Structure formats: C-alpha cells, structure tokens
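my_file-v4.cif (mmCIF, C-alpha atoms and all ligand atoms)
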```
data_entry
#
loop_
_atom_site.label_atom_id
_atom_site.label_comp_id
_atom_site.auth_asym_id
_atom_site.auth_seq_id
_atom_site.Cartn_x
_atom_site.Cartn_y
_atom_site.Cartn_z
CA MET J 1 -9.51 30.30 -40.70
CA THR J 2 -8.56 26.63 -40.64
CA LYS J 3 -8.42 25.48 -37.05
CA ILE J 4 -5.29 23.66 -35.96
CA ALA J 5 -4.42 21.81 -32.74
CA VAL J 6 -0.79 21.28 -31.76
CA PHE J 7 0.32 18.40 -29.53
CA VAL J 8 3.49 18.92 -27.49
CA SER J 9 5.44 17.31 -24.65
CA GLY J 10 8.41 19.57 -24.00
CA ARG J 11 10.16 22.74 -25.02
CA GLY J 12 7.68 23.72 -27.75
CA SER J 13 10.04 25.46 -30.16
CA ASN J 14 8.25 23.99 -33.20
CA PHE J 15 4.91 25.06 -31.78
CA LYS J 16 6.33 28.57 -31.37
CA ALA J 17 7.79 28.60 -34.90
CA LEU J 18 4.45 27.48 -36.33
CA HIS J 19 2.50 29.99 -34.25
CA ASP J 20 4.82 32.83 -35.30
CA TYR J 21 4.41 31.83 -38.93
CA LEU J 22 0.62 31.55 -38.78
CA SER J 23 0.29 34.88 -36.97
CA THR J 24 2.27 36.78 -39.56
CA SER J 25 1.88 35.00 -42.90
CA GLY J 26 -1.82 35.33 -43.57
CA SER J 27 -1.86 31.67 -44.57
CA GLY J 28 -5.34 31.12 -43.19
CA GLY J 29 -4.56 28.83 -40.25
CA GLU J 30 -4.96 29.39 -36.55
CA ILE J 31 -3.82 27.32 -33.57
CA VAL J 32 -6.91 27.02 -31.44
CA ARG J 33 -5.71 24.43 -28.94
CA VAL J 34 -2.51 23.01 -27.52
CA VAL J 35 -2.54 19.51 -26.03
CA SER J 36 0.08 17.81 -23.90
CA ASN J 37 0.50 14.63 -21.91
CA LYS J 38 2.30 16.53 -19.16
CA VAL J 39 2.99 19.97 -17.75
CA CYS J 40 5.87 21.35 -19.83
CA PRO J 41 7.40 24.64 -21.08
CA ALA J 42 5.31 24.47 -24.27
CA LEU J 43 2.12 24.73 -22.20
CA GLU J 44 3.57 27.69 -20.35
CA TYR J 45 4.13 29.36 -23.71
CA ALA J 46 0.53 28.57 -24.78
CA ARG J 47 -0.68 30.21 -21.57
CA GLU J 48 1.49 33.29 -22.19
CA ILE J 49 0.12 33.84 -25.68
CA GLY J 50 -3.45 33.00 -24.70
CA ILE J 51 -4.06 29.72 -26.53
CA PRO J 52 -6.25 27.32 -24.56
CA TYR J 53 -4.59 24.03 -23.67
CA SER J 54 -5.53 20.61 -22.32
CA LEU J 55 -3.73 17.75 -20.70
CA VAL J 56 -4.61 14.42 -22.24
CA ALA J 57 -4.29 10.88 -20.86
CA GLU J 58 -5.33 7.48 -22.16
CA LYS J 59 -6.91 6.49 -18.87
CA SER J 60 -9.16 8.79 -16.88
CA LYS J 61 -7.09 10.94 -14.56
CA GLU J 62 -7.90 14.06 -12.57
CA ASP J 63 -7.34 17.28 -14.58
CA PHE J 64 -6.71 15.25 -17.77
CA ILE J 65 -9.12 14.83 -20.65
CA ASP J 66 -9.41 11.40 -22.33
CA TYR J 67 -8.97 10.94 -26.08
CA GLU J 68 -12.64 10.18 -26.71
CA SER J 69 -13.74 13.46 -25.13
CA LEU J 70 -10.94 15.32 -26.90
CA LEU J 71 -12.07 13.93 -30.26
CA LYS J 72 -15.64 15.03 -29.53
CA GLU J 73 -14.48 18.50 -28.52
CA PHE J 74 -12.32 18.87 -31.60
CA LYS J 75 -15.21 17.87 -33.86
CA GLU J 76 -17.47 20.44 -32.18
CA LEU J 77 -14.75 23.08 -32.47
CA ASN J 78 -14.21 22.13 -36.13
CA VAL J 79 -10.47 21.43 -35.74
CA ARG J 80 -9.22 20.40 -39.19
CA LEU J 81 -5.53 19.66 -38.70
CA ILE J 82 -3.53 18.18 -35.85
CA VAL J 83 0.20 18.81 -35.69
CA LEU J 84 2.32 16.59 -33.46
CA ALA J 85 5.32 18.76 -32.58
CA GLY J 86 7.38 16.82 -30.09
CA PHE J 87 4.47 14.83 -28.65
CA LEU J 88 5.94 11.77 -26.98
CA LYS J 89 2.91 9.52 -26.51
CA LYS J 90 1.41 7.20 -29.06
CA ILE J 91 -2.00 8.45 -30.17
CA PRO J 92 -4.75 5.82 -29.73
CA ASP J 93 -6.07 4.23 -32.93
CA MET J 94 -9.57 5.50 -32.26
CA PHE J 95 -8.34 9.10 -32.33
CA ILE J 96 -6.30 8.53 -35.48
CA ASP J 97 -9.38 7.04 -37.19
CA GLY J 98 -11.39 10.08 -36.08
CA PHE J 99 -8.94 12.42 -37.79
CA ASP J 100 -7.99 10.16 -40.64
CA GLY J 101 -5.38 11.79 -42.88
CA ASN J 102 -5.37 15.04 -40.96
CA ILE J 103 -2.67 14.37 -38.38
CA ILE J 104 0.95 15.19 -39.18
CA ASN J 105 4.14 14.71 -37.18
CA ILE J 106 7.59 16.27 -37.31
CA HIS J 107 10.53 13.94 -36.72
CA PRO J 108 14.15 15.09 -36.29
CA ALA J 109 15.78 12.71 -38.80
CA LEU J 110 15.39 11.51 -42.35
CA LEU J 111 12.70 8.83 -42.08
CA PRO J 112 12.38 5.94 -42.66
CA ALA J 113 15.82 5.78 -40.97
CA PHE J 114 16.23 6.58 -37.28
CA GLY J 115 12.53 6.37 -36.42
CA GLY J 116 10.24 4.15 -34.38
CA LYS J 117 9.69 3.48 -30.72
CA GLY J 118 12.32 5.05 -28.46
CA MET J 119 13.64 7.24 -31.27
CA TYR J 120 12.92 10.67 -29.92
CA GLY J 121 14.88 13.69 -28.73
CA MET J 122 18.61 13.18 -28.29
CA ASN J 123 18.25 9.40 -28.81
CA VAL J 124 17.76 10.15 -32.50
CA HIS J 125 20.75 12.46 -32.81
CA LYS J 126 23.01 10.08 -30.85
CA ALA J 127 22.04 7.20 -33.16
CA VAL J 128 22.67 9.34 -36.23
CA PHE J 129 26.03 10.48 -34.82
CA GLU J 130 27.13 6.93 -34.00
CA SER J 131 26.11 5.65 -37.41
CA SER J 132 28.53 8.11 -39.04
CA ALA J 133 25.79 9.20 -41.41
CA LYS J 134 26.84 12.21 -43.42
CA TYR J 135 23.39 13.73 -43.74
CA SER J 136 20.54 14.05 -41.32
CA GLY J 137 17.50 16.24 -41.43
CA ALA J 138 13.86 16.61 -40.55
CA THR J 139 10.76 14.86 -41.82
CA VAL J 140 7.11 15.83 -41.74
CA HIS J 141 4.81 12.89 -42.38
CA PHE J 142 1.19 11.85 -42.08
CA VAL J 143 0.48 9.91 -38.91
CA ASP J 144 -0.82 6.38 -39.16
CA LYS J 145 -1.07 3.71 -36.51
CA VAL J 146 2.61 2.81 -36.56
CA TYR J 147 5.28 5.06 -34.99
CA ASP J 148 7.01 7.37 -37.50
CA HIS J 149 5.57 5.37 -40.37
CA GLY J 150 2.96 7.32 -42.37
CA LYS J 151 3.68 8.73 -45.80
CA ILE J 152 6.33 11.42 -45.94
CA ILE J 153 5.09 14.87 -46.93
CA ASP J 154 8.41 16.70 -47.02
CA GLN J 155 11.96 16.63 -45.68
CA ALA J 156 14.85 19.01 -45.08
CA ILE J 157 18.40 17.75 -45.40
CA VAL J 158 21.25 18.80 -43.14
CA ASP J 159 24.91 18.22 -43.97
CA ILE J 160 26.67 16.70 -40.95
CA HIS J 161 30.02 15.71 -42.45
CA ASP J 162 31.89 17.94 -40.02
CA VAL J 163 29.97 17.56 -36.74
CA SER J 164 31.74 16.56 -33.56
CA SER J 165 28.76 15.82 -31.28
CA PRO J 166 25.11 14.73 -31.35
CA GLU J 167 24.25 18.14 -29.87
CA GLU J 168 25.64 19.80 -32.97
CA ILE J 169 23.40 17.63 -35.15
CA ALA J 170 20.40 18.49 -32.95
CA ALA J 171 21.01 22.23 -33.32
CA ARG J 172 21.38 22.06 -37.11
CA VAL J 173 18.31 19.88 -37.50
CA LEU J 174 16.16 22.04 -35.23
CA GLU J 175 16.92 25.12 -37.28
CA GLN J 176 15.59 23.31 -40.35
CA GLU J 177 12.56 21.95 -38.49
CA HIS J 178 11.44 25.50 -37.73
CA LYS J 179 11.32 26.23 -41.46
CA LEU J 180 10.01 22.85 -42.66
CA LEU J 181 6.96 22.61 -40.40
CA PRO J 182 5.48 26.02 -41.33
CA ARG J 183 6.19 25.27 -45.02
CA VAL J 184 4.28 21.98 -44.90
CA VAL J 185 1.40 23.41 -42.88
CA SER J 186 1.15 26.27 -45.37
CA ALA J 187 0.99 23.76 -48.25
CA ILE J 188 -1.77 21.84 -46.47
CA LEU J 189 -3.73 25.02 -45.77
CA SER J 190 -3.59 26.04 -49.40
CA ASP J 191 -4.63 22.54 -50.51
CA ARG J 192 -1.35 21.90 -52.32
CA VAL J 193 -0.65 18.50 -50.75
CA LYS J 194 -1.87 15.79 -53.10
CA ILE J 195 -1.47 12.06 -53.55
CA VAL J 196 -0.12 11.26 -57.01
CA ASN J 197 0.94 7.71 -57.96
CA ASN J 198 0.52 6.76 -54.31
CA ARG J 199 3.15 9.35 -53.31
CA VAL J 200 2.63 12.62 -51.47
CA VAL J 201 3.34 15.57 -53.70
CA ILE J 202 3.38 19.26 -52.85
CA VAL J 203 1.98 20.97 -55.88
CA GLY J 204 3.65 24.19 -56.96
CA GLU J 205 6.91 23.58 -55.14
CA SER J 206 10.05 22.92 -57.15
CA ASN J 207 12.93 20.87 -55.81
C1 LIG J 301 11.66 18.12 -32.35
O1 LIG J 301 12.98 17.79 -32.65
C2 LIG J 301 10.68 17.29 -33.14
O2 LIG J 301 11.16 16.91 -34.38
C3 LIG J 301 10.54 16.05 -32.28
O3 LIG J 301 10.61 16.52 -30.96
C4 LIG J 301 11.32 17.75 -30.91
C5 LIG J 301 10.44 18.76 -30.26
O4 LIG J 301 11.11 19.97 -30.03
N1 LIG J 301 9.38 15.29 -32.62
P1 LIG J 301 10.28 21.23 -29.59
O5 LIG J 301 9.48 20.84 -28.36
O6 LIG J 301 9.40 21.61 -30.73
O7 LIG J 301 11.28 22.28 -29.29
#
```
Starting from the file, lay out its structure as structure tokens.
Ligand code: GRF
Amino acid sequence: MTKIAVFVSGRGSNFKALHDYLSTSGSGGEIVRVVSNKVCPALEYAREIGIPYSLVAEKSKEDFIDYESLLKEFKELNVRLIVLAGFLKKIPDMFIDGFDGNIINIHPALLPAFGGKGMYGMNVHKAVFESSAKYSGATVHFVDKVYDHGKIIDQAIVDIHDVSSPEEIAARVLEQEHKLLPRVVSAILSDRVKIVNNRVVIVGESN
C-alpha cells in the first residue's frame, strides 16, 4: 500500500471523497495521516473513521507539531504522497524540498487563472462569477514554492453559462473535484503520471 497523507483546513469533503475511493477501488493507496492547521470538521471525520491526525504549526505551539518533526515522522512512516485538500496555509520550503515532486493540491478553478494568495474558498467562486467567465472547473497540480503555481496534472471543466450566483459555481465545481482528485491520485498510484516535453501527461487516459 502506498501511504498517503492528506492536509485539510475545513469541511473535508475532498478528503472524504478520496478516502471513499481508496477504500473501495483497490488502487493500492491508503490515507495514513490527516494534518490540519486548526481544529475543523475534517479532523472530526478523521477521528470518526480512525485515521490518526496531527495539528501542524510553523512555530512551536502546544499540541501542534512543527514541520521539521512532521517531515521526520513522515519519512519514518514511509509516506509517499501528500495531498493538499483545502489546506489554507503555505507549506514551508523546507517541507516542500523534503517531499519534492510528491505533493499535490486541488484548486477550485481552472489554473493559472483565479489562483494565488487569497484565492481560496468562496473568494475564488466570487471572482469567477464577477469575471463573467463561462467555464470554471477544478485543477490538480504539483505543489512548488509559489501558491497555486506548480505544473498542472489534470483539470475538470464546468459549464457556468447559466449560473446566477457564486454558490452555484461552487456546488458545480465541488462535484467535479470529488471525481478529479481520486482520478489523479489513482493515476499517480499506478505510475501513469509522466513528464513528457516538460508537460505532465497521464498515460493511458484519452481526452
Ligand atoms: C475545495 O474547493 C478545494 O479545491 C480547495 O478548498 C476546498 C476544500 O473543500 N482547495 P473540502 O474541505 O474538501 O470540502
């Protein structure tokens, strides 16, 4: 089993979708740890289903682990993939270096548009709504040291010609996120994510 850690900060619906997928698909991955920067519903869900969790902070804080210790623990545990699923803090460079190329993030818009600092949650969907864009979607990308910037692994497109609120965009995008994230993780687990001509390609998937 490939060991996976999921980082969350809120509701945890992507964590749940990924966990459901991994528990039923036989894709060879297992979530062994959930990490958050704060107490949130996603941690409550981790507790309910018996996945160990940690609170992480950049500076030492009671009941929180620091990133250096977390990195050490993950190496000892043999964690191979880190999935940021609604994690709202920037990951320190040292941690990204430690897991080089093995951290992915899901973003609720079509990057490289509507990303970057401050572009999270409803802020994204409001900006998309106000721009009058006709399509939005979800993006899963590798994490590098710049917010929402690493190479894009895959995207799902959502038609929003007819929406009348940012909330409607959010609901349509979330539905796609819950399919996209398991699909990308499955491709990573089966070693089908390759770099070809400096682009990320999922081998064996037709578009
Ligand atoms: C998702 O829209 C994800 O794309 C973004 O944060 C949201 C998290 O939602 N990064 P949830 O906690 O998975 O329900």
Legend entry - Distance query Ile106 in chain J at most 6 Å, only C-alpha atoms, self and fewer than 6 positions along chain excluded, as a ChimeraX atom specification: /J:85,139-140
Inset, instruction - For Ile51 in chain J, list every protein, DNA or RNA residue within 7 Å, evaluated using all atoms listed in the file, and leave out those in the same chain fewer than 3 positions away; present the list as a list in words. - result: Val32, Arg33, Val34, Ala46 and Arg47 of chain J
Could you list the protein, DNA and RNA residues that have any atom within 10 Å of ligand LIG 301 (chain J), counting all atoms listed in the file, and write them as a PDB file with C-alpha atoms, keeping the file's coordinate frame?
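Contents of the output file part.pdb:
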```pdb
ATOM      1  CA  PHE J   7       0.320  18.400 -29.530  1.00  0.00           C
ATOM      2  CA  VAL J   8       3.490  18.920 -27.490  1.00  0.00           C
ATOM      3  CA  SER J   9       5.440  17.310 -24.650  1.00  0.00           C
ATOM      4  CA  GLY J  10       8.410  19.570 -24.000  1.00  0.00           C
ATOM      5  CA  ARG J  11      10.160  22.740 -25.020  1.00  0.00           C
ATOM      6  CA  GLY J  12       7.680  23.720 -27.750  1.00  0.00           C
ATOM      7  CA  SER J  13      10.040  25.460 -30.160  1.00  0.00           C
ATOM      8  CA  ASN J  14       8.250  23.990 -33.200  1.00  0.00           C
ATOM      9  CA  PHE J  15       4.910  25.060 -31.780  1.00  0.00           C
ATOM     10  CA  LYS J  16       6.330  28.570 -31.370  1.00  0.00           C
ATOM     11  CA  ALA J  17       7.790  28.600 -34.900  1.00  0.00           C
ATOM     12  CA  LEU J  18       4.450  27.480 -36.330  1.00  0.00           C
ATOM     13  CA  CYS J  40       5.870  21.350 -19.830  1.00  0.00           C
ATOM     14  CA  PRO J  41       7.400  24.640 -21.080  1.00  0.00           C
ATOM     15  CA  ALA J  42       5.310  24.470 -24.270  1.00  0.00           C
ATOM     16  CA  LEU J  84       2.320  16.590 -33.460  1.00  0.00           C
ATOM     17  CA  ALA J  85       5.320  18.760 -32.580  1.00  0.00           C
ATOM     18  CA  GLY J  86       7.380  16.820 -30.090  1.00  0.00           C
ATOM     19  CA  PHE J  87       4.470  14.830 -28.650  1.00  0.00           C
ATOM     20  CA  LEU J  88       5.940  11.770 -26.980  1.00  0.00           C
ATOM     21  CA  ASN J 105       4.140  14.710 -37.180  1.00  0.00           C
ATOM     22  CA  ILE J 106       7.590  16.270 -37.310  1.00  0.00           C
ATOM     23  CA  HIS J 107      10.530  13.940 -36.720  1.00  0.00           C
ATOM     24  CA  PRO J 108      14.150  15.090 -36.290  1.00  0.00           C
ATOM     25  CA  ALA J 109      15.780  12.710 -38.800  1.00  0.00           C
ATOM     26  CA  MET J 119      13.640   7.240 -31.270  1.00  0.00           C
ATOM     27  CA  TYR J 120      12.920  10.670 -29.920  1.00  0.00           C
ATOM     28  CA  GLY J 121      14.880  13.690 -28.730  1.00  0.00           C
ATOM     29  CA  MET J 122      18.610  13.180 -28.290  1.00  0.00           C
ATOM     30  CA  VAL J 124      17.760  10.150 -32.500  1.00  0.00           C
ATOM     31  CA  HIS J 125      20.750  12.460 -32.810  1.00  0.00           C
ATOM     32  CA  GLY J 137      17.500  16.240 -41.430  1.00  0.00           C
ATOM     33  CA  ALA J 138      13.860  16.610 -40.550  1.00  0.00           C
ATOM     34  CA  THR J 139      10.760  14.860 -41.820  1.00  0.00           C
ATOM     35  CA  VAL J 140       7.110  15.830 -41.740  1.00  0.00           C
ATOM     36  CA  ASP J 148       7.010   7.370 -37.500  1.00  0.00           C
ATOM     37  CA  ALA J 170      20.400  18.490 -32.950  1.00  0.00           C
ATOM     38  CA  ALA J 171      21.010  22.230 -33.320  1.00  0.00           C
ATOM     39  CA  VAL J 173      18.310  19.880 -37.500  1.00  0.00           C
ATOM     40  CA  LEU J 174      16.160  22.040 -35.230  1.00  0.00           C
ATOM     41  CA  GLU J 175      16.920  25.120 -37.280  1.00  0.00           C
ATOM     42  CA  GLN J 176      15.590  23.310 -40.350  1.00  0.00           C
ATOM     43  CA  GLU J 177      12.560  21.950 -38.490  1.00  0.00           C
ATOM     44  CA  HIS J 178      11.440  25.500 -37.730  1.00  0.00           C
ATOM     45  CA  LEU J 181       6.960  22.610 -40.400  1.00  0.00           C
TER      46      LEU J 181
END
```
Legend entry - Best match for closeness to Gly101 in chain J among J:Gly150, J:Gly204, J:Pro166, J:Gly50, counting all atoms listed in the file: J:Gly150
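When CA of Val39 in chain J is paired with CA of Ser60 in chain J, their separation reads 16.5 Å.
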Inset, instruction - For CA of Glu205 in chain J and CA of Val185 in chain J, determine how far apart the two atoms are, in Å to one decimal place. - result: 13.4 Å
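If you measure from each of J:Phe64, J:Leu111, J:Phe74, J:Ala133 to Ala156 in chain J using all atoms listed in the file, the closest one turns out to be J:Leu111.
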